[in-house]
>>> print(open('start_29.cif').read())   # mmCIF, C-alpha atoms (C1' of nucleotides)
data_upload
loop_
_atom_site.label_atom_id
_atom_site.label_comp_id
_atom_site.auth_asym_id
_atom_site.auth_seq_id
_atom_site.Cartn_x
_atom_site.Cartn_y
_atom_site.Cartn_z
CA MET A 1 -4.90 -185.67 -20.44
CA LEU A 2 -4.85 -185.52 -24.18
CA ASP A 3 -3.87 -181.88 -23.82
CA LEU A 4 -0.84 -183.07 -21.97
CA LEU A 5 0.33 -185.86 -24.23
CA ALA A 6 -0.84 -184.38 -27.50
CA ASN A 7 1.84 -181.75 -27.35
CA LYS A 8 5.04 -181.61 -29.30
CA TRP A 9 7.50 -181.06 -26.48
CA SER A 10 5.79 -183.39 -24.05
CA ALA A 11 5.87 -186.18 -26.57
CA LEU A 12 9.51 -185.56 -27.42
CA ALA A 13 10.59 -185.16 -23.80
CA LEU A 14 9.03 -188.45 -22.79
CA GLY A 15 10.73 -190.04 -25.76
CA ALA A 16 14.07 -188.63 -24.65
CA LEU A 17 13.61 -190.15 -21.20
CA GLU A 18 12.66 -193.54 -22.55
CA ASP A 19 16.13 -195.01 -22.22
CA GLY A 20 17.09 -193.79 -18.80
CA PRO A 21 17.11 -190.70 -16.63
CA ARG A 22 18.44 -187.49 -18.07
CA ARG A 23 19.66 -184.22 -16.66
CA PHE A 24 18.22 -180.89 -17.62
CA GLY A 25 21.14 -180.02 -19.87
CA GLU A 26 21.01 -183.37 -21.64
CA LEU A 27 17.35 -182.92 -22.40
CA ARG A 28 18.00 -179.45 -23.67
CA ALA A 29 20.61 -180.82 -26.07
CA ARG A 30 18.49 -183.78 -27.19
CA LEU A 31 15.37 -181.79 -27.86
CA GLU A 32 16.90 -179.57 -30.45
CA GLY A 33 15.33 -176.17 -30.57
CA VAL A 34 13.64 -176.08 -27.19
CA SER A 35 14.20 -172.99 -25.09
CA PRO A 36 15.00 -173.44 -21.40
CA LYS A 37 11.79 -171.77 -20.35
CA VAL A 38 9.61 -174.04 -22.41
CA LEU A 39 11.55 -177.10 -21.34
CA THR A 40 11.11 -176.15 -17.70
CA ALA A 41 7.39 -175.61 -18.20
CA THR A 42 7.03 -178.92 -20.04
CA LEU A 43 8.90 -180.89 -17.40
CA ARG A 44 6.96 -179.23 -14.58
CA ARG A 45 3.69 -180.09 -16.25
CA LEU A 46 4.70 -183.70 -16.79
CA GLU A 47 5.85 -183.94 -13.18
CA GLU A 48 2.63 -182.40 -11.92
CA HIS A 49 0.66 -185.00 -13.82
CA GLY A 50 2.69 -187.89 -12.48
CA LEU A 51 4.47 -188.90 -15.68
CA ILE A 52 8.01 -188.07 -14.61
CA ASP A 53 10.01 -187.69 -11.42
CA ARG A 54 12.36 -184.85 -10.67
CA THR A 55 15.24 -185.71 -8.38
CA VAL A 56 17.71 -183.14 -7.13
CA TYR A 57 21.18 -184.24 -6.14
CA PRO A 58 22.54 -181.36 -4.05
CA ALA A 59 26.08 -182.26 -5.01
CA VAL A 60 28.76 -179.82 -5.88
CA PRO A 61 27.69 -178.76 -9.30
CA LEU A 62 23.97 -179.04 -8.76
CA HIS A 63 22.54 -182.07 -10.45
CA VAL A 64 18.92 -182.65 -11.37
CA GLU A 65 17.65 -185.83 -12.92
CA TYR A 66 14.39 -186.43 -14.64
CA SER A 67 13.08 -189.96 -14.99
CA LEU A 68 9.91 -191.69 -16.05
CA THR A 69 7.39 -192.94 -13.55
CA PRO A 70 5.72 -196.26 -14.35
CA LEU A 71 2.78 -194.31 -15.71
CA GLY A 72 5.12 -192.23 -17.85
CA ARG A 73 6.81 -195.35 -19.15
CA ASP A 74 3.48 -196.77 -20.20
CA ALA A 75 2.54 -193.55 -21.90
CA CYS A 76 5.70 -193.76 -23.98
CA GLU A 77 4.43 -196.68 -25.95
CA PRO A 78 1.60 -194.99 -27.85
CA LEU A 79 3.66 -191.83 -28.19
CA ALA A 80 6.54 -193.75 -29.70
CA MET A 81 4.14 -195.26 -32.22
CA LEU A 82 2.96 -191.82 -33.15
CA ARG A 83 6.51 -190.55 -33.59
CA ARG A 84 7.41 -193.61 -35.64
CA TRP A 85 4.38 -193.11 -37.86
CA VAL A 86 5.43 -189.53 -38.47
CA VAL A 87 8.98 -190.32 -39.50
CA ALA A 88 7.76 -193.18 -41.69
CA ASN A 89 5.26 -190.98 -43.50
CA VAL A 90 6.98 -187.63 -43.81
CA ASP A 91 7.35 -187.97 -47.56
CA ARG A 92 3.62 -188.44 -48.07
CA PHE A 93 2.83 -184.94 -46.94
CA PRO A 94 2.15 -182.28 -49.55
CA GLU A 95 4.82 -180.10 -51.06
CA GLY A 96 5.86 -177.04 -49.17
CA VAL A 97 4.85 -178.36 -45.81
CA LEU A 98 8.35 -179.49 -45.03
CA SER A 99 9.76 -176.05 -45.61
CA ASP A 100 7.30 -174.56 -43.16
CA PRO A 101 9.43 -173.51 -40.20
CA ARG A 102 6.56 -174.26 -37.83
CA VAL A 103 6.69 -177.91 -38.72
CA SER A 104 9.28 -180.11 -37.17
CA VAL A 105 9.64 -183.69 -38.15
CA ALA A 106 10.94 -184.92 -34.84
CA SER A 107 13.88 -187.25 -35.37
CA MET B 1 4.23 -182.82 -38.44
CA LEU B 2 4.21 -183.73 -34.80
CA ASP B 3 3.04 -180.19 -34.12
CA LEU B 4 0.05 -180.98 -36.26
CA LEU B 5 -0.93 -184.36 -34.91
CA ALA B 6 0.19 -183.80 -31.35
CA ASN B 7 -2.65 -181.39 -30.73
CA LYS B 8 -5.82 -182.00 -28.84
CA TRP B 9 -8.35 -180.83 -31.39
CA SER B 10 -6.54 -182.26 -34.40
CA ALA B 11 -6.42 -185.65 -32.76
CA LEU B 12 -10.07 -185.54 -31.78
CA ALA B 13 -11.23 -184.19 -35.12
CA LEU B 14 -9.49 -186.94 -37.02
CA GLY B 15 -11.04 -189.43 -34.63
CA ALA B 16 -14.47 -187.99 -35.28
CA LEU B 17 -13.99 -188.42 -39.02
CA GLU B 18 -12.80 -191.98 -38.72
CA ASP B 19 -16.17 -193.54 -39.44
CA GLY B 20 -17.30 -191.47 -42.37
CA PRO B 21 -17.55 -187.89 -43.57
CA ARG B 22 -19.04 -185.32 -41.23
CA ARG B 23 -20.51 -181.88 -41.62
CA PHE B 24 -19.26 -178.87 -39.75
CA GLY B 25 -22.16 -178.86 -37.33
CA GLU B 26 -21.80 -182.57 -36.61
CA LEU B 27 -18.16 -182.11 -35.77
CA ARG B 28 -18.98 -179.20 -33.55
CA ALA B 29 -21.44 -181.36 -31.63
CA ARG B 30 -19.13 -184.37 -31.43
CA LEU B 31 -16.14 -182.43 -30.23
CA GLU B 32 -17.75 -181.13 -27.12
CA GLY B 33 -16.39 -177.80 -26.05
CA VAL B 34 -14.79 -176.68 -29.27
CA SER B 35 -15.59 -173.16 -30.40
CA PRO B 36 -16.44 -172.61 -34.06
CA LYS B 37 -13.37 -170.49 -34.55
CA VAL B 38 -10.98 -173.10 -33.24
CA LEU B 39 -12.74 -175.85 -35.14
CA THR B 40 -12.42 -173.90 -38.37
CA ALA B 41 -8.75 -173.29 -37.73
CA THR B 42 -8.14 -176.93 -36.92
CA LEU B 43 -9.93 -178.19 -40.01
CA ARG B 44 -8.15 -175.70 -42.23
CA ARG B 45 -4.81 -176.77 -40.91
CA LEU B 46 -5.57 -180.43 -41.42
CA GLU B 47 -6.77 -179.72 -44.94
CA GLU B 48 -3.67 -177.68 -45.70
CA HIS B 49 -1.52 -180.59 -44.63
CA GLY B 50 -3.39 -183.10 -46.74
CA LEU B 51 -5.05 -185.08 -43.98
CA ILE B 52 -8.66 -184.21 -44.75
CA ASP B 53 -10.74 -183.07 -47.70
CA ARG B 54 -13.29 -180.28 -47.60
CA THR B 55 -16.18 -180.63 -50.01
CA VAL B 56 -18.83 -177.96 -50.44
CA TYR B 57 -22.29 -178.94 -51.66
CA PRO B 58 -23.92 -175.68 -52.75
CA ALA B 59 -27.36 -177.08 -52.04
CA VAL B 60 -30.23 -175.28 -50.45
CA PRO B 61 -29.03 -175.02 -46.91
CA LEU B 62 -25.31 -174.89 -47.60
CA HIS B 63 -23.64 -178.20 -46.89
CA VAL B 64 -19.95 -178.79 -46.22
CA GLU B 65 -18.47 -182.20 -45.69
CA TYR B 66 -15.12 -183.06 -44.23
CA SER B 67 -13.59 -186.45 -44.93
CA LEU B 68 -10.30 -188.20 -44.40
CA THR B 69 -7.75 -188.52 -47.16
CA PRO B 70 -5.86 -191.83 -47.36
CA LEU B 71 -3.03 -190.16 -45.49
CA GLY B 72 -5.46 -188.93 -42.85
CA ARG B 73 -6.93 -192.37 -42.49
CA ASP B 74 -3.48 -193.82 -41.89
CA ALA B 75 -2.73 -191.17 -39.34
CA CYS B 76 -5.82 -192.15 -37.41
CA GLU B 77 -4.34 -195.43 -36.36
CA PRO B 78 -1.60 -194.19 -34.05
CA LEU B 79 -3.83 -191.39 -32.82
CA ALA B 80 -6.59 -193.82 -31.95
CA MET B 81 -4.08 -195.85 -29.96
CA LEU B 82 -3.10 -192.73 -28.06
CA ARG B 83 -6.71 -191.85 -27.31
CA ARG B 84 -7.42 -195.41 -26.25
CA TRP B 85 -4.43 -195.39 -23.95
CA VAL B 86 -5.69 -192.19 -22.34
CA VAL B 87 -9.19 -193.46 -21.63
CA ALA B 88 -7.78 -196.74 -20.35
CA ASN B 89 -5.43 -194.99 -17.96
CA VAL B 90 -7.34 -191.97 -16.72
CA ASP B 91 -7.69 -193.37 -13.24
CA ARG B 92 -3.93 -193.78 -12.83
CA PHE B 93 -3.38 -190.05 -12.90
CA PRO B 94 -2.85 -188.20 -9.65
CA GLU B 95 -5.68 -186.73 -7.63
CA GLY B 96 -6.87 -183.30 -8.55
CA VAL B 97 -5.75 -183.53 -12.12
CA LEU B 98 -9.17 -184.58 -13.27
CA SER B 99 -10.78 -181.53 -11.73
CA ASP B 100 -8.39 -179.28 -13.60
CA PRO B 101 -10.60 -177.53 -16.16
CA ARG B 102 -7.72 -177.42 -18.61
CA VAL B 103 -7.64 -181.17 -18.79
CA SER B 104 -10.11 -183.00 -20.90
CA VAL B 105 -10.28 -186.71 -20.97
CA ALA B 106 -11.52 -187.04 -24.51
CA SER B 107 -14.28 -189.60 -24.71
"C1'" DA C 1 38.40 -161.81 -7.62
"C1'" DC C 2 37.02 -164.27 -11.77
"C1'" DG C 3 35.36 -167.58 -14.95
"C1'" DA C 4 33.25 -172.12 -15.82
"C1'" DG C 5 29.49 -175.45 -15.19
"C1'" DT C 6 24.66 -176.44 -13.91
"C1'" DG C 7 19.88 -175.35 -13.67
"C1'" DG C 8 17.21 -172.62 -14.08
"C1'" DT C 9 14.22 -167.30 -13.96
"C1'" DA C 10 13.00 -162.67 -16.09
"C1'" DT C 11 11.45 -160.28 -19.70
"C1'" DC C 12 9.42 -159.40 -23.91
"C1'" DC C 13 6.82 -160.52 -27.96
"C1'" DG C 14 4.01 -162.75 -31.30
"C1'" DA C 15 1.15 -166.87 -32.07
"C1'" DT C 16 -2.39 -169.74 -30.46
"C1'" DG C 17 -6.53 -171.01 -27.84
"C1'" DG C 18 -10.98 -169.87 -26.51
"C1'" DG C 19 -15.69 -167.42 -25.84
"C1'" DT C 20 -19.38 -164.59 -27.59
"C1'" DA C 21 -21.45 -162.13 -30.96
"C1'" DC C 22 -22.35 -161.41 -35.44
"C1'" DT C 23 -22.59 -162.20 -40.71
"C1'" DA C 24 -24.06 -164.26 -45.38
"C1'" DC C 25 -27.02 -167.09 -47.88
"C1'" DG C 26 -31.32 -168.75 -49.78
"C1'" DA C 27 -35.73 -171.10 -48.32
"C1'" DT C 28 -39.79 -170.78 -45.96
"C1'" DG C 29 -43.74 -168.62 -43.89
"C1'" DG C 30 -46.75 -164.96 -42.24
"C1'" DC D 1 -42.30 -157.74 -48.27
"C1'" DC D 2 -40.20 -158.64 -44.25
"C1'" DA D 3 -38.95 -161.86 -40.61
"C1'" DT D 4 -37.08 -166.10 -39.38
"C1'" DC D 5 -34.52 -170.51 -39.60
"C1'" DG D 6 -30.65 -173.45 -40.59
"C1'" DT D 7 -25.82 -173.83 -42.06
"C1'" DA D 8 -21.19 -172.48 -41.98
"C1'" DG D 9 -18.61 -169.88 -40.76
"C1'" DT D 10 -16.04 -164.71 -39.55
"C1'" DA D 11 -14.94 -160.67 -36.25
"C1'" DC D 12 -13.53 -159.18 -32.12
"C1'" DC D 13 -11.38 -159.45 -27.76
"C1'" DC D 14 -8.73 -161.34 -24.11
"C1'" DA D 15 -5.91 -165.04 -21.75
"C1'" DT D 16 -2.50 -168.32 -22.22
"C1'" DC D 17 1.34 -170.53 -24.48
"C1'" DG D 18 5.49 -170.90 -27.20
"C1'" DG D 19 9.81 -169.08 -28.17
"C1'" DA D 20 14.24 -166.22 -28.03
"C1'" DT D 21 17.56 -163.85 -25.39
"C1'" DA D 22 19.42 -162.25 -21.32
"C1'" DC D 23 20.41 -162.81 -16.96
"C1'" DC D 24 20.85 -164.98 -11.98
"C1'" DA D 25 22.44 -168.20 -8.09
"C1'" DC D 26 25.50 -171.41 -6.35
"C1'" DT D 27 30.11 -173.34 -5.78
"C1'" DC D 28 34.60 -174.99 -7.34
"C1'" DG D 29 39.13 -174.26 -9.16
"C1'" DT D 30 42.73 -170.91 -10.12
#
>>> encode(input="start_29.cif", output="structure tokens")
Amino acid sequence: MLDLLANKWSALALGALEDGPRRFGELRARLEGVSPKVLTATLRRLEEHGLIDRTVYPAVPLHVEYSLTPLGRDACEPLAMLRRWVVANVDRFPEGVLSDPRVSVAS
Amino acid sequence: MLDLLANKWSALALGALEDGPRRFGELRARLEGVSPKVLTATLRRLEEHGLIDRTVYPAVPLHVEYSLTPLGRDACEPLAMLRRWVVANVDRFPEGVLSDPRVSVAS
DNA sequence: ACGAGTGGTATCCGATGGGTACTACGATGG
DNA sequence: CCATCGTAGTACCCATCGGATACCACTCGT
């Protein structure tokens, strides 16, 4: 459980879905820096664990929407707090950490 | 930043330090299932990012204490909420997920 | 027949996670 | 004098994950 939520892309993806369903491409654009493979894996894992729904609209240009389940919506709350804490406290971290390419601040 | 906090062992380790300094062995026992190597790596990373302090007491049987910095203590709050949410909502997750060995519930 | 738009997979690689075994150190004890 | 214990790790190896780039499948419009 913690493995699932305590994960950068999971946390950000749920955040991106917080204000309505999103398509794959939208998520890819919102979550700057995610590769399609990782995004797919993340979404599949969240779906598998019942946090999001994946709906396919077999319309002309294929259309796939991801949306939060009630459980997913609930999970957003503590995750949003965590993200908010991070952005509010970025400047308290030691020098040099911000320039570390492994560290993203998560808008 | 999120990479750092949104990580199973980081979150649990900070939680374990919340009520006072701990020695390496104590942490190893508290965080059930962590291997010494991973624990070392986790603690080093937290130290590097200014969330914990590592103090060596060169006494008879060597003694190393890990403790939260003020920043680390602040970070505990949102993490504790996340952990609390998880334990409060375990039973809402789909069947079979709990038997997945990759998933730990985090006491 | 060709290119654009959408939602991915395939492939490769290096980093990370994880388990088991082993080390270094001085104290203690036979 | 050598063995053993407790503490805090390190060394080694393998599996999995994260990440980048390239490519595929489907259908519409031209």
>>> resolve_selection(input="start_29.cif", expression="the PyMOL selection byres ((chain B) within 10 of (chain C))", output="PyMOL selection string")
chain B and resi 33-38+59-62
>>> atom_distance(input="start_29.cif", atom1="atom C1' of DA20 of chain D", atom2="atom CA of Ser67 of chain A")
27.1 Å
>>> calpha_fit_and_write(input="start_29.cif", fixed="chain B", moving="chain A", output="PDB file with C-alpha atoms, in the frame of the given file")
ATOM      1  CA  MET A   1       4.145-182.740 -38.445  1.00  0.00           C
ATOM      2  CA  LEU A   2       4.147-183.664 -34.817  1.00  0.00           C
ATOM      3  CA  ASP A   3       2.940-180.142 -34.127  1.00  0.00           C
ATOM      4  CA  LEU A   4      -0.041-180.946 -36.245  1.00  0.00           C
ATOM      5  CA  LEU A   5      -1.001-184.332 -34.876  1.00  0.00           C
ATOM      6  CA  ALA A   6       0.129-183.772 -31.318  1.00  0.00           C
ATOM      7  CA  ASN A   7      -2.709-181.384 -30.717  1.00  0.00           C
ATOM      8  CA  LYS A   8      -5.880-182.008 -28.814  1.00  0.00           C
ATOM      9  CA  TRP A   9      -8.414-180.835 -31.364  1.00  0.00           C
ATOM     10  CA  SER A  10      -6.604-182.264 -34.355  1.00  0.00           C
ATOM     11  CA  ALA A  11      -6.472-185.655 -32.735  1.00  0.00           C
ATOM     12  CA  LEU A  12     -10.129-185.534 -31.750  1.00  0.00           C
ATOM     13  CA  ALA A  13     -11.290-184.190 -35.108  1.00  0.00           C
ATOM     14  CA  LEU A  14      -9.548-186.951 -37.011  1.00  0.00           C
ATOM     15  CA  GLY A  15     -11.099-189.425 -34.620  1.00  0.00           C
ATOM     16  CA  ALA A  16     -14.537-187.972 -35.288  1.00  0.00           C
ATOM     17  CA  LEU A  17     -14.041-188.415 -39.028  1.00  0.00           C
ATOM     18  CA  GLU A  18     -12.863-191.981 -38.698  1.00  0.00           C
ATOM     19  CA  ASP A  19     -16.241-193.514 -39.440  1.00  0.00           C
ATOM     20  CA  GLY A  20     -17.330-191.434 -42.372  1.00  0.00           C
ATOM     21  CA  PRO A  21     -17.575-187.862 -43.571  1.00  0.00           C
ATOM     22  CA  ARG A  22     -19.075-185.286 -41.279  1.00  0.00           C
ATOM     23  CA  ARG A  23     -20.516-181.834 -41.700  1.00  0.00           C
ATOM     24  CA  PHE A  24     -19.267-178.830 -39.828  1.00  0.00           C
ATOM     25  CA  GLY A  25     -22.198-178.824 -37.429  1.00  0.00           C
ATOM     26  CA  GLU A  26     -21.834-182.524 -36.687  1.00  0.00           C
ATOM     27  CA  LEU A  27     -18.197-182.077 -35.824  1.00  0.00           C
ATOM     28  CA  ARG A  28     -19.038-179.161 -33.619  1.00  0.00           C
ATOM     29  CA  ALA A  29     -21.519-181.320 -31.713  1.00  0.00           C
ATOM     30  CA  ARG A  30     -19.204-184.335 -31.480  1.00  0.00           C
ATOM     31  CA  LEU A  31     -16.201-182.425 -30.264  1.00  0.00           C
ATOM     32  CA  GLU A  32     -17.822-181.135 -27.152  1.00  0.00           C
ATOM     33  CA  GLY A  33     -16.462-177.818 -26.065  1.00  0.00           C
ATOM     34  CA  VAL A  34     -14.836-176.663 -29.276  1.00  0.00           C
ATOM     35  CA  SER A  35     -15.618-173.145 -30.409  1.00  0.00           C
ATOM     36  CA  PRO A  36     -16.449-172.576 -34.076  1.00  0.00           C
ATOM     37  CA  LYS A  37     -13.365-170.476 -34.600  1.00  0.00           C
ATOM     38  CA  VAL A  38     -11.016-173.095 -33.269  1.00  0.00           C
ATOM     39  CA  LEU A  39     -12.782-175.841 -35.170  1.00  0.00           C
ATOM     40  CA  THR A  40     -12.461-173.869 -38.387  1.00  0.00           C
ATOM     41  CA  ALA A  41      -8.773-173.258 -37.747  1.00  0.00           C
ATOM     42  CA  THR A  42      -8.181-176.926 -36.926  1.00  0.00           C
ATOM     43  CA  LEU A  43      -9.970-178.177 -40.022  1.00  0.00           C
ATOM     44  CA  ARG A  44      -8.181-175.664 -42.248  1.00  0.00           C
ATOM     45  CA  ARG A  45      -4.838-176.754 -40.886  1.00  0.00           C
ATOM     46  CA  LEU A  46      -5.616-180.425 -41.400  1.00  0.00           C
ATOM     47  CA  GLU A  47      -6.808-179.700 -44.931  1.00  0.00           C
ATOM     48  CA  GLU A  48      -3.709-177.665 -45.693  1.00  0.00           C
ATOM     49  CA  HIS A  49      -1.553-180.568 -44.610  1.00  0.00           C
ATOM     50  CA  GLY A  50      -3.423-183.079 -46.721  1.00  0.00           C
ATOM     51  CA  LEU A  51      -5.086-185.069 -43.945  1.00  0.00           C
ATOM     52  CA  ILE A  52      -8.687-184.195 -44.741  1.00  0.00           C
ATOM     53  CA  ASP A  53     -10.758-183.050 -47.694  1.00  0.00           C
ATOM     54  CA  ARG A  54     -13.290-180.269 -47.608  1.00  0.00           C
ATOM     55  CA  THR A  55     -16.148-180.623 -50.053  1.00  0.00           C
ATOM     56  CA  VAL A  56     -18.791-177.965 -50.524  1.00  0.00           C
ATOM     57  CA  TYR A  57     -22.203-178.956 -51.793  1.00  0.00           C
ATOM     58  CA  PRO A  58     -23.771-175.692 -52.977  1.00  0.00           C
ATOM     59  CA  ALA A  59     -27.233-177.051 -52.320  1.00  0.00           C
ATOM     60  CA  VAL A  60     -30.043-175.134 -50.796  1.00  0.00           C
ATOM     61  CA  PRO A  61     -28.984-175.026 -47.214  1.00  0.00           C
ATOM     62  CA  LEU A  62     -25.263-174.904 -47.804  1.00  0.00           C
ATOM     63  CA  HIS A  63     -23.623-178.193 -47.045  1.00  0.00           C
ATOM     64  CA  VAL A  64     -19.960-178.780 -46.322  1.00  0.00           C
ATOM     65  CA  GLU A  65     -18.472-182.182 -45.740  1.00  0.00           C
ATOM     66  CA  TYR A  66     -15.154-183.039 -44.257  1.00  0.00           C
ATOM     67  CA  SER A  67     -13.625-186.432 -44.925  1.00  0.00           C
ATOM     68  CA  LEU A  68     -10.338-188.188 -44.396  1.00  0.00           C
ATOM     69  CA  THR A  69      -7.787-188.512 -47.144  1.00  0.00           C
ATOM     70  CA  PRO A  70      -5.904-191.810 -47.320  1.00  0.00           C
ATOM     71  CA  LEU A  71      -3.067-190.145 -45.456  1.00  0.00           C
ATOM     72  CA  GLY A  72      -5.495-188.913 -42.816  1.00  0.00           C
ATOM     73  CA  ARG A  73      -6.969-192.375 -42.462  1.00  0.00           C
ATOM     74  CA  ASP A  74      -3.542-193.821 -41.854  1.00  0.00           C
ATOM     75  CA  ALA A  75      -2.773-191.165 -39.305  1.00  0.00           C
ATOM     76  CA  CYS A  76      -5.880-192.158 -37.377  1.00  0.00           C
ATOM     77  CA  GLU A  77      -4.402-195.431 -36.319  1.00  0.00           C
ATOM     78  CA  PRO A  78      -1.650-194.176 -34.011  1.00  0.00           C
ATOM     79  CA  LEU A  79      -3.894-191.380 -32.788  1.00  0.00           C
ATOM     80  CA  ALA A  80      -6.626-193.829 -31.893  1.00  0.00           C
ATOM     81  CA  MET A  81      -4.097-195.839 -29.904  1.00  0.00           C
ATOM     82  CA  LEU A  82      -3.115-192.738 -28.030  1.00  0.00           C
ATOM     83  CA  ARG A  83      -6.729-191.873 -27.253  1.00  0.00           C
ATOM     84  CA  ARG A  84      -7.406-195.441 -26.161  1.00  0.00           C
ATOM     85  CA  TRP A  85      -4.377-195.402 -23.885  1.00  0.00           C
ATOM     86  CA  VAL A  86      -5.634-192.218 -22.282  1.00  0.00           C
ATOM     87  CA  VAL A  87      -9.112-193.492 -21.527  1.00  0.00           C
ATOM     88  CA  ALA A  88      -7.683-196.773 -20.241  1.00  0.00           C
ATOM     89  CA  ASN A  89      -5.294-195.026 -17.874  1.00  0.00           C
ATOM     90  CA  VAL A  90      -7.210-192.018 -16.625  1.00  0.00           C
ATOM     91  CA  ASP A  91      -7.498-193.434 -13.128  1.00  0.00           C
ATOM     92  CA  ARG A  92      -3.738-193.792 -12.766  1.00  0.00           C
ATOM     93  CA  PHE A  93      -3.183-190.073 -12.850  1.00  0.00           C
ATOM     94  CA  PRO A  94      -2.625-188.228  -9.589  1.00  0.00           C
ATOM     95  CA  GLU A  95      -5.398-186.742  -7.526  1.00  0.00           C
ATOM     96  CA  GLY A  96      -6.654-183.343  -8.467  1.00  0.00           C
ATOM     97  CA  VAL A  97      -5.620-183.585 -12.062  1.00  0.00           C
ATOM     98  CA  LEU A  98      -9.057-184.666 -13.138  1.00  0.00           C
ATOM     99  CA  SER A  99     -10.665-181.630 -11.604  1.00  0.00           C
ATOM    100  CA  ASP A 100      -8.341-179.351 -13.523  1.00  0.00           C
ATOM    101  CA  PRO A 101     -10.580-177.640 -16.065  1.00  0.00           C
ATOM    102  CA  ARG A 102      -7.708-177.501 -18.545  1.00  0.00           C
ATOM    103  CA  VAL A 103      -7.600-181.254 -18.733  1.00  0.00           C
ATOM    104  CA  SER A 104     -10.075-183.081 -20.850  1.00  0.00           C
ATOM    105  CA  VAL A 105     -10.199-186.807 -20.932  1.00  0.00           C
ATOM    106  CA  ALA A 106     -11.475-187.124 -24.458  1.00  0.00           C
ATOM    107  CA  SER A 107     -14.257-189.690 -24.619  1.00  0.00           C
TER     108      SER A 107
END
>>> atom_distance(input="start_29.cif", atom1="atom C1' of DT10 of chain D", atom2="atom CA of Leu31 of chain B")
20.0 Å
>>> atom_distance(input="start_29.cif", atom1="atom CA of Pro78 of chain A", atom2="atom CA of Gly20 of chain A")
18.0 Å
>>> residues_around(input="start_29.cif", residues="Glu48 of chain A", least_positions_apart="5", cutoff="10 Å", atoms="all atoms listed in the file", output="count of residues only")
6
>>> closest_atom_pairs(input="start_29.cif", of="chain A", to="chain B", cutoff="9 Å", atoms="all atoms listed in the file", output="JSON lines")
{"residue": "A:Met1", "atom": "CA", "partner": "B:Val105", "partner_atom": "CA", "distance": 5.5}
{"residue": "A:Leu2", "atom": "CA", "partner": "B:Lys8", "partner_atom": "CA", "distance": 5.9}
{"residue": "A:Asp3", "atom": "CA", "partner": "B:Lys8", "partner_atom": "CA", "distance": 5.4}
{"residue": "A:Leu4", "atom": "CA", "partner": "B:Val103", "partner_atom": "CA", "distance": 7.7}
{"residue": "A:Leu5", "atom": "CA", "partner": "B:Ala6", "partner_atom": "CA", "distance": 7.4}
{"residue": "A:Ala6", "atom": "CA", "partner": "B:Ala6", "partner_atom": "CA", "distance": 4.0}
{"residue": "A:Asn7", "atom": "CA", "partner": "B:Ala6", "partner_atom": "CA", "distance": 4.8}
{"residue": "A:Lys8", "atom": "CA", "partner": "B:Asp3", "partner_atom": "CA", "distance": 5.4}
{"residue": "A:Trp9", "atom": "CA", "partner": "B:Asp3", "partner_atom": "CA", "distance": 8.9}
{"residue": "A:Ala11", "atom": "CA", "partner": "B:Ala6", "partner_atom": "CA", "distance": 7.8}
{"residue": "A:Glu48", "atom": "CA", "partner": "B:Pro94", "partner_atom": "CA", "distance": 8.3}
{"residue": "A:His49", "atom": "CA", "partner": "B:Pro94", "partner_atom": "CA", "distance": 6.3}
{"residue": "A:Gly50", "atom": "CA", "partner": "B:Pro94", "partner_atom": "CA", "distance": 6.2}
{"residue": "A:Leu51", "atom": "CA", "partner": "B:Phe93", "partner_atom": "CA", "distance": 8.4}
{"residue": "A:Leu71", "atom": "CA", "partner": "B:Arg92", "partner_atom": "CA", "distance": 7.3}
{"residue": "A:Asp74", "atom": "CA", "partner": "B:Trp85", "partner_atom": "CA", "distance": 8.9}
{"residue": "A:Ala75", "atom": "CA", "partner": "B:Trp85", "partner_atom": "CA", "distance": 7.5}
{"residue": "A:Glu77", "atom": "CA", "partner": "B:Leu82", "partner_atom": "CA", "distance": 8.8}
{"residue": "A:Pro78", "atom": "CA", "partner": "B:Leu82", "partner_atom": "CA", "distance": 5.2}
{"residue": "A:Leu79", "atom": "CA", "partner": "B:Leu82", "partner_atom": "CA", "distance": 6.8}
{"residue": "A:Met81", "atom": "CA", "partner": "B:Pro78", "partner_atom": "CA", "distance": 6.1}
{"residue": "A:Leu82", "atom": "CA", "partner": "B:Pro78", "partner_atom": "CA", "distance": 5.2}
{"residue": "A:Arg83", "atom": "CA", "partner": "B:Leu2", "partner_atom": "CA", "distance": 7.3}
{"residue": "A:Trp85", "atom": "CA", "partner": "B:Pro78", "partner_atom": "CA", "distance": 7.2}
{"residue": "A:Val86", "atom": "CA", "partner": "B:Met1", "partner_atom": "CA", "distance": 6.8}
{"residue": "A:Val87", "atom": "CA", "partner": "B:Met1", "partner_atom": "CA", "distance": 8.9}
{"residue": "A:Asn89", "atom": "CA", "partner": "B:Leu71", "partner_atom": "CA", "distance": 8.6}
{"residue": "A:Val90", "atom": "CA", "partner": "B:Met1", "partner_atom": "CA", "distance": 7.7}
{"residue": "A:Arg92", "atom": "CA", "partner": "B:Leu71", "partner_atom": "CA", "distance": 7.3}
{"residue": "A:Phe93", "atom": "CA", "partner": "B:Gly50", "partner_atom": "CA", "distance": 6.5}
{"residue": "A:Pro94", "atom": "CA", "partner": "B:Gly50", "partner_atom": "CA", "distance": 6.3}
{"residue": "A:Val97", "atom": "CA", "partner": "B:His49", "partner_atom": "CA", "distance": 6.9}
{"residue": "A:Leu98", "atom": "CA", "partner": "B:Met1", "partner_atom": "CA", "distance": 8.5}
{"residue": "A:Arg102", "atom": "CA", "partner": "B:Asp3", "partner_atom": "CA", "distance": 7.8}
{"residue": "A:Val103", "atom": "CA", "partner": "B:Met1", "partner_atom": "CA", "distance": 5.5}
{"residue": "A:Ser104", "atom": "CA", "partner": "B:Met1", "partner_atom": "CA", "distance": 5.9}
{"residue": "A:Val105", "atom": "CA", "partner": "B:Met1", "partner_atom": "CA", "distance": 5.5}
{"residue": "A:Ala106", "atom": "CA", "partner": "B:Leu2", "partner_atom": "CA", "distance": 6.8}
